[in-house]
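Heads up, work16.csv below (CSV, C-alpha atoms and all ligand atoms):
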chain,number,residue,atom,x,y,z
A,12,MET,CA,87.8,43.6,185.2
A,13,PRO,CA,90.0,42.2,182.5
A,14,ASP,CA,90.6,38.4,182.3
A,15,LEU,CA,93.6,37.4,184.4
A,16,ASN,CA,94.8,34.8,182.0
A,17,LEU,CA,96.1,33.1,185.1
A,18,LYS,CA,98.7,30.3,185.0
A,19,ILE,CA,100.0,28.6,188.2
A,20,ARG,CA,103.3,26.9,187.8
A,21,LYS,CA,106.4,25.8,189.8
A,22,GLY,CA,108.8,28.6,190.5
A,23,ILE,CA,112.1,28.7,188.7
A,24,LEU,CA,115.3,30.5,189.6
A,25,GLU,CA,114.5,33.2,186.9
A,26,ASP,CA,111.5,34.1,189.1
A,27,VAL,CA,113.5,35.0,192.2
A,28,GLU,CA,113.8,38.8,191.4
A,29,ALA,CA,110.1,39.0,190.7
A,30,ILE,CA,109.3,37.1,193.9
A,31,MET,CA,111.5,39.5,195.9
A,32,GLU,CA,109.8,42.5,194.4
A,33,LEU,CA,106.4,41.0,195.4
A,34,GLU,CA,107.6,40.7,199.0
A,35,GLN,CA,108.8,44.3,199.2
A,36,GLY,CA,106.1,46.3,200.9
A,37,SER,CA,103.8,43.3,201.4
A,38,ILE,CA,105.7,41.3,204.0
A,39,VAL,CA,107.1,42.8,207.3
A,40,HIS,CA,110.3,40.8,207.0
A,41,PRO,CA,111.0,40.0,203.3
A,42,TRP,CA,112.9,36.8,202.7
A,43,GLU,CA,116.5,36.9,201.6
A,44,LYS,CA,117.4,35.9,198.1
A,45,LYS,CA,119.1,32.6,199.2
A,46,ALA,CA,116.0,31.6,201.2
A,47,ILE,CA,113.8,32.1,198.1
A,48,GLU,CA,116.3,30.2,195.9
A,49,ALA,CA,116.2,27.3,198.3
A,50,LEU,CA,112.4,27.2,198.1
A,51,ILE,CA,112.8,26.5,194.4
A,52,THR,CA,115.8,24.2,194.4
A,53,ASP,CA,115.4,22.2,197.7
A,54,GLU,CA,113.5,18.9,197.2
A,55,ASN,CA,111.9,19.4,200.7
A,56,LYS,CA,110.5,22.8,199.8
A,57,ARG,CA,107.8,24.0,197.3
A,58,CYS,CA,107.4,27.2,195.4
A,59,TYR,CA,104.5,28.0,193.1
A,60,VAL,CA,104.1,31.2,191.2
A,61,ALA,CA,101.0,32.8,189.6
A,62,GLU,CA,101.6,34.3,186.2
A,63,SER,CA,99.3,36.7,184.3
A,64,ASP,CA,100.3,37.7,180.8
A,65,GLY,CA,104.0,37.3,181.7
A,66,LEU,CA,103.8,39.1,185.0
A,67,ILE,CA,104.4,37.2,188.3
A,68,THR,CA,101.3,38.2,190.3
A,69,GLY,CA,101.7,35.9,193.3
A,70,TYR,CA,103.7,33.2,194.9
A,71,VAL,CA,103.5,30.6,197.7
A,72,GLY,CA,106.3,28.8,199.5
A,73,ALA,CA,106.2,25.8,201.8
A,74,GLU,CA,108.7,23.7,203.6
A,75,LEU,CA,108.2,20.0,204.3
A,76,VAL,CA,109.4,17.7,207.1
A,77,LEU,CA,108.4,14.1,206.9
A,78,ASP,CA,104.6,14.2,206.5
A,79,GLU,CA,104.2,17.8,207.7
A,80,GLY,CA,104.2,21.0,205.8
A,81,ASN,CA,104.7,24.6,206.8
A,82,ILE,CA,103.6,27.7,204.8
A,83,GLY,CA,106.6,30.1,204.6
A,84,ASN,CA,104.8,32.8,202.7
A,85,ILE,CA,102.0,33.7,200.4
A,86,VAL,CA,101.8,37.0,198.6
A,87,THR,CA,99.6,38.4,195.8
A,88,HIS,CA,100.7,41.5,193.9
A,89,LYS,CA,99.0,44.6,195.4
A,90,ASP,CA,97.2,45.4,192.1
A,91,TYR,CA,95.8,41.9,191.7
A,92,ARG,CA,94.4,41.1,195.2
A,93,GLY,CA,90.8,39.9,195.7
A,94,ARG,CA,90.7,38.1,192.4
A,95,GLY,CA,91.3,34.5,193.5
A,96,ILE,CA,95.1,34.3,192.9
A,97,ALA,CA,96.0,33.2,196.4
A,98,SER,CA,93.2,30.6,196.3
A,99,SER,CA,94.5,29.3,193.0
A,100,LEU,CA,98.0,29.0,194.3
A,101,PHE,CA,96.7,27.1,197.3
A,102,ASP,CA,94.6,24.7,195.1
A,103,VAL,CA,97.8,23.7,193.2
A,104,LEU,CA,100.0,23.5,196.3
A,105,LEU,CA,97.5,21.4,198.3
A,106,ASP,CA,97.1,18.9,195.5
A,107,ASP,CA,100.9,18.6,195.3
A,108,LEU,CA,101.2,18.1,199.1
A,109,ARG,CA,98.4,15.6,199.3
A,110,SER,CA,99.8,13.5,196.5
A,111,GLY,CA,103.2,13.6,198.2
A,112,GLY,CA,101.8,12.1,201.4
A,113,ILE,CA,101.7,15.3,203.5
A,114,LYS,CA,99.1,14.9,206.2
A,115,ILE,CA,99.0,18.3,207.9
A,116,LEU,CA,99.9,21.9,207.0
A,117,TYR,CA,100.8,24.6,209.5
A,118,LEU,CA,101.3,28.3,209.4
A,119,GLU,CA,101.6,31.4,211.5
A,120,VAL,CA,99.8,34.7,210.7
A,121,GLU,CA,99.8,38.1,212.4
A,122,HIS,CA,96.7,38.4,214.5
A,123,ASP,CA,95.4,41.5,212.7
A,124,ASN,CA,96.1,40.3,209.1
A,125,ALA,CA,92.4,40.1,208.1
A,126,PRO,CA,92.9,39.2,204.4
A,127,ALA,CA,95.2,36.3,205.3
A,128,ILE,CA,93.1,35.0,208.2
A,129,GLY,CA,90.1,35.2,205.8
A,130,LEU,CA,91.9,33.3,203.2
A,131,TYR,CA,93.0,30.6,205.6
A,132,GLY,CA,89.6,30.3,207.2
A,133,LYS,CA,88.0,29.8,203.7
A,134,LEU,CA,90.5,27.1,203.0
A,135,GLY,CA,89.5,25.3,206.2
A,136,PHE,CA,92.5,26.1,208.4
A,137,ALA,CA,91.7,25.8,212.1
A,138,LYS,CA,93.0,28.1,214.8
A,139,ASP,CA,95.3,26.2,217.2
A,140,GLY,CA,96.6,28.9,219.4
A,141,VAL,CA,98.3,32.2,219.8
A,142,ARG,CA,102.0,33.0,220.3
A,143,ARG,CA,102.3,36.3,222.2
A,144,ASP,CA,104.6,39.1,220.8
A,145,TYR,CA,105.9,36.7,218.1
A,146,TYR,CA,106.3,39.5,215.5
A,147,GLY,CA,107.3,42.1,218.1
A,148,LYS,CA,105.6,43.7,221.1
A,149,GLY,CA,101.8,43.6,220.8
A,150,LYS,CA,102.1,41.7,217.5
A,151,ASP,CA,100.8,38.2,218.2
A,152,ALA,CA,101.0,35.2,215.9
A,153,VAL,CA,97.9,33.1,215.3
A,154,LEU,CA,98.9,29.4,214.8
A,155,MET,CA,96.7,27.6,212.3
A,156,SER,CA,96.7,24.1,210.8
A,157,LEU,CA,94.9,22.2,208.0
A,158,ASP,CA,94.4,18.4,207.9
A,159,LEU,CA,95.1,17.3,204.4
B,201,LIG,C1,96.5,37.4,202.0
B,201,LIG,C2,96.7,37.5,200.4
B,201,LIG,C3,97.8,36.6,200.0
B,201,LIG,C4,95.3,37.1,199.8
B,201,LIG,O1,95.5,37.1,198.4
B,201,LIG,P1,94.4,37.3,197.3
B,201,LIG,O2,94.9,36.8,196.0
B,201,LIG,O3,93.9,38.7,197.3
B,201,LIG,O4,93.3,36.3,197.9
B,201,LIG,P2,92.0,35.7,197.1
B,201,LIG,O5,91.5,36.7,196.1
B,201,LIG,O6,92.3,34.3,196.6
B,201,LIG,O7,90.9,35.6,198.2
B,201,LIG,C5,90.6,34.3,198.8
B,201,LIG,C6,89.9,34.6,200.1
B,201,LIG,O8,90.7,35.3,201.1
B,201,LIG,C7,89.9,36.1,201.9
B,201,LIG,N1,90.2,37.5,201.6
B,201,LIG,C8,90.9,38.0,200.6
B,201,LIG,N2,91.1,39.4,200.8
B,201,LIG,C9,90.4,39.7,201.9
B,201,LIG,C10,90.2,40.9,202.6
B,201,LIG,N3,90.8,42.1,202.2
B,201,LIG,N4,89.6,40.9,203.8
B,201,LIG,C11,89.1,39.7,204.3
B,201,LIG,N5,89.2,38.5,203.7
B,201,LIG,C12,89.9,38.5,202.5
B,201,LIG,C13,88.4,35.9,201.5
B,201,LIG,O9,87.9,34.8,202.2
B,201,LIG,C14,88.6,35.4,200.0
B,201,LIG,O10,87.6,34.6,199.6
B,201,LIG,P3,86.3,35.3,198.8
B,201,LIG,O11,86.9,36.1,197.6
B,201,LIG,O12,85.5,34.2,198.4
B,201,LIG,O13,85.7,36.2,199.8
B,201,LIG,C15,97.0,39.0,200.0
B,201,LIG,O14,96.1,39.9,200.7
B,201,LIG,C16,98.4,39.5,200.3
B,201,LIG,O15,99.3,39.3,199.5
B,201,LIG,N6,98.6,40.1,201.5
B,201,LIG,C17,100.0,40.6,201.9
B,201,LIG,C18,100.9,39.4,202.2
B,201,LIG,C19,100.4,38.6,203.4
B,201,LIG,O16,99.9,39.2,204.4
B,201,LIG,N7,100.6,37.3,203.3
B,201,LIG,C20,100.2,36.4,204.4
B,201,LIG,C21,101.3,36.3,205.4
B,201,LIG,S1,100.9,35.1,206.7
Can you dump the structure from the file as structure tokens?
Amino acid sequence: MPDLNLKIRKGILEDVEAIMELEQGSIVHPWEKKAIEALITDENKRCYVAESDGLITGYVGAELVLDEGNIGNIVTHKDYRGRGIASSLFDVLLDDLRSGGIKILYLEVEHDNAPAIGLYGKLGFAKDGVRRDYYGKGKDAVLMSLDL
């Protein structure tokens, strides 16, 4: 496989269209433009993008309240999955959150999303519980957290 030439950097407003394209077809309920813009501009939110040879190949967004964080979304471009992009995005995000005094990170994931649950397990997230029908009938959310 060719070298990814991967760069992880903070998202900027010029990335919003590319982030929206990444979400289409990958996320059941894609975020609205304003919500993605807020991830980039709000000081209590974080947005990192993965860039490979000028193409945005992934992004992660998080929201912070006091010393807690919540993952809003993580997406890797369909053609670039399984090559460590989500792991690299998390490496940078977790360093940022730890140095900013965030103590715990939460997320919800659909119970049958094996790639995402695999990713979170590898990162050390623990399963805290299940929210029945959170994403619609029969679509439970698994609640997970990571002590930072
Ligand atoms: C989940 C997602 C972000 C993973 O991105 P990725 O860049 O392919 O992930 P990585 O290559 O960094 O993989 C990291 C780990 O995730 C797990 N993983 C990745 N793909 C997997 C798969 N298809 N099945 C099971 N585990 C998988 C593995 O533990 C992997 O570690 P390994 O390579 O050492 O085995 C990607 O599949 C995606 O964008 N999915 C659609 C959007 C989505 O569901 N987001 C999560 C919403 S909660």
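Here CA of Ala46 in chain A is placed at a distance of 12.6 Å from CA of Glu34 in chain A.
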For the contact check between chain A and ligand LIG 201 (chain B), emit one row per residue of chain A within 6 Å, containing the shortest atom pair and the distance in Å rounded to one decimal, counting all atoms listed in the file, chain then rising number order, as a Markdown table.
| residue | atom | partner | partner_atom | distance |
| --- | --- | --- | --- | --- |
| A:Ser37 | CA | B:LIG201 | C17 | 4.7 |
| A:Ile38 | CA | B:LIG201 | C18 | 5.5 |
| A:Asn84 | CA | B:LIG201 | C21 | 5.6 |
| A:Ile85 | CA | B:LIG201 | N7 | 4.8 |
| A:Val86 | CA | B:LIG201 | O15 | 3.5 |
| A:Thr87 | CA | B:LIG201 | O15 | 3.8 |
| A:Arg92 | CA | B:LIG201 | O3 | 3.2 |
| A:Gly93 | CA | B:LIG201 | O5 | 3.3 |
| A:Arg94 | CA | B:LIG201 | O5 | 4.0 |
| A:Gly95 | CA | B:LIG201 | O6 | 3.3 |
| A:Ile96 | CA | B:LIG201 | O2 | 4.0 |
| A:Ala97 | CA | B:LIG201 | O2 | 3.8 |
| A:Ser98 | CA | B:LIG201 | O6 | 3.8 |
| A:Val120 | CA | B:LIG201 | S1 | 4.2 |
| A:Ala125 | CA | B:LIG201 | C11 | 5.0 |
| A:Pro126 | CA | B:LIG201 | C9 | 3.6 |
| A:Ala127 | CA | B:LIG201 | C1 | 3.7 |
| A:Gly129 | CA | B:LIG201 | C7 | 4.0 |
| A:Leu130 | CA | B:LIG201 | O8 | 3.1 |
| A:Lys133 | CA | B:LIG201 | O9 | 5.2 |
Contact table range 34-132 of chain A vs range 150-159 of chain A, cut-off 8 Å, shortest pair per residue, all atoms listed in the file, as a Markdown table:
| residue | atom | partner | partner_atom | distance |
| --- | --- | --- | --- | --- |
| A:Leu105 | CA | A:Leu159 | CA | 7.7 |
| A:Arg109 | CA | A:Leu159 | CA | 6.3 |
| A:Ile113 | CA | A:Leu159 | CA | 7.0 |
| A:Lys114 | CA | A:Leu159 | CA | 5.0 |
| A:Ile115 | CA | A:Asp158 | CA | 4.6 |
| A:Leu116 | CA | A:Leu157 | CA | 5.1 |
| A:Tyr117 | CA | A:Ser156 | CA | 4.3 |
| A:Leu118 | CA | A:Met155 | CA | 5.5 |
| A:Glu119 | CA | A:Leu154 | CA | 4.7 |
| A:Val120 | CA | A:Val153 | CA | 5.2 |
| A:Glu121 | CA | A:Ala152 | CA | 4.7 |
| A:His122 | CA | A:Val153 | CA | 5.5 |
Residues within 10 Å of (99.9, 35.3, 173.8), file coords, only C-alpha atoms, listed as a PyMOL selection string: chain A and resi 16+64-65
Minimum-distance residue to Leu15 in chain A, chosen among A:Glu62, A:Glu32, A:Asp123, A:Glu48 (using all atoms listed in the file):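 Comparing A:Glu62, A:Glu32, A:Asp123, A:Glu48 against Leu15 in chain A, the winner is A:Glu62.
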Could you jot down the CA of Asp78 in chain A to CA of Gly112 in chain A separation for me, Å, one decimal place?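 Atom-to-atom, CA of Asp78 in chain A and CA of Gly112 in chain A are spaced 6.2 Å apart.
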Here is a test: counting all atoms listed in the file, which residue of A:Leu17, A:Met31, A:Ile82, A:Val39 is nearest to Leu66 in chain A?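 The closest residue to Leu66 in chain A is A:Leu17.
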Kindly give the distance, in Å, that separates CA of Ile67 in chain A and CA of Asn81 in chain A, rounded to a single decimal.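 For CA of Ile67 in chain A relative to CA of Asn81 in chain A, the distance reads 22.4 Å.
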Any idea what's packed within 6 Å of Arg57 in chain A, counting only C-alpha atoms, ignoring anything in its chain fewer than 5 positions away? Could you give it as a list of chain:residue names?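 Contacts, with the query itself left out: A:Leu50, A:Gly72, A:Ala73.
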Given the selection you just returned, output its residues as a file containing C-alpha atoms, formatted as a PDB file, in the coordinates of the input.
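Now in part.pdb:
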ATOM      1  CA  LEU A  50     112.400  27.200 198.100  1.00  0.00           C
ATOM      2  CA  GLY A  72     106.300  28.800 199.500  1.00  0.00           C
ATOM      3  CA  ALA A  73     106.200  25.800 201.800  1.00  0.00           C
TER       4      ALA A  73
END
Contacts of Ile23 in chain A within 10 Å, all atoms listed in the file, excl. fewer than 4 positions in-chain, as a list in words: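 Skipping anything fewer than 4 positions along the chain leaves Val27, Glu48, Leu50, Ile51, Thr52, Cys58, Tyr59 and Val60 of chain A.
Closest to Asp53 in chain A among A:Tyr70, A:Val103, A:Ala29, A:Leu24 is A:Leu24, based on only C-alpha atoms.
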For Asp90 in chain A, which of A:Val71, A:Ser110, A:Asp26, A:Ser63 is the closest residue, counting only C-alpha atoms?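 Of the candidates, the smallest distance to Asp90 in chain A is held by A:Ser63.
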I'd like to know which of A:Ala61, A:Tyr131, A:Thr68, A:His40 is closest to Lys21 in chain A, using all atoms listed in the file.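 Selected residue with least distance to Lys21 in chain A: A:Ala61.
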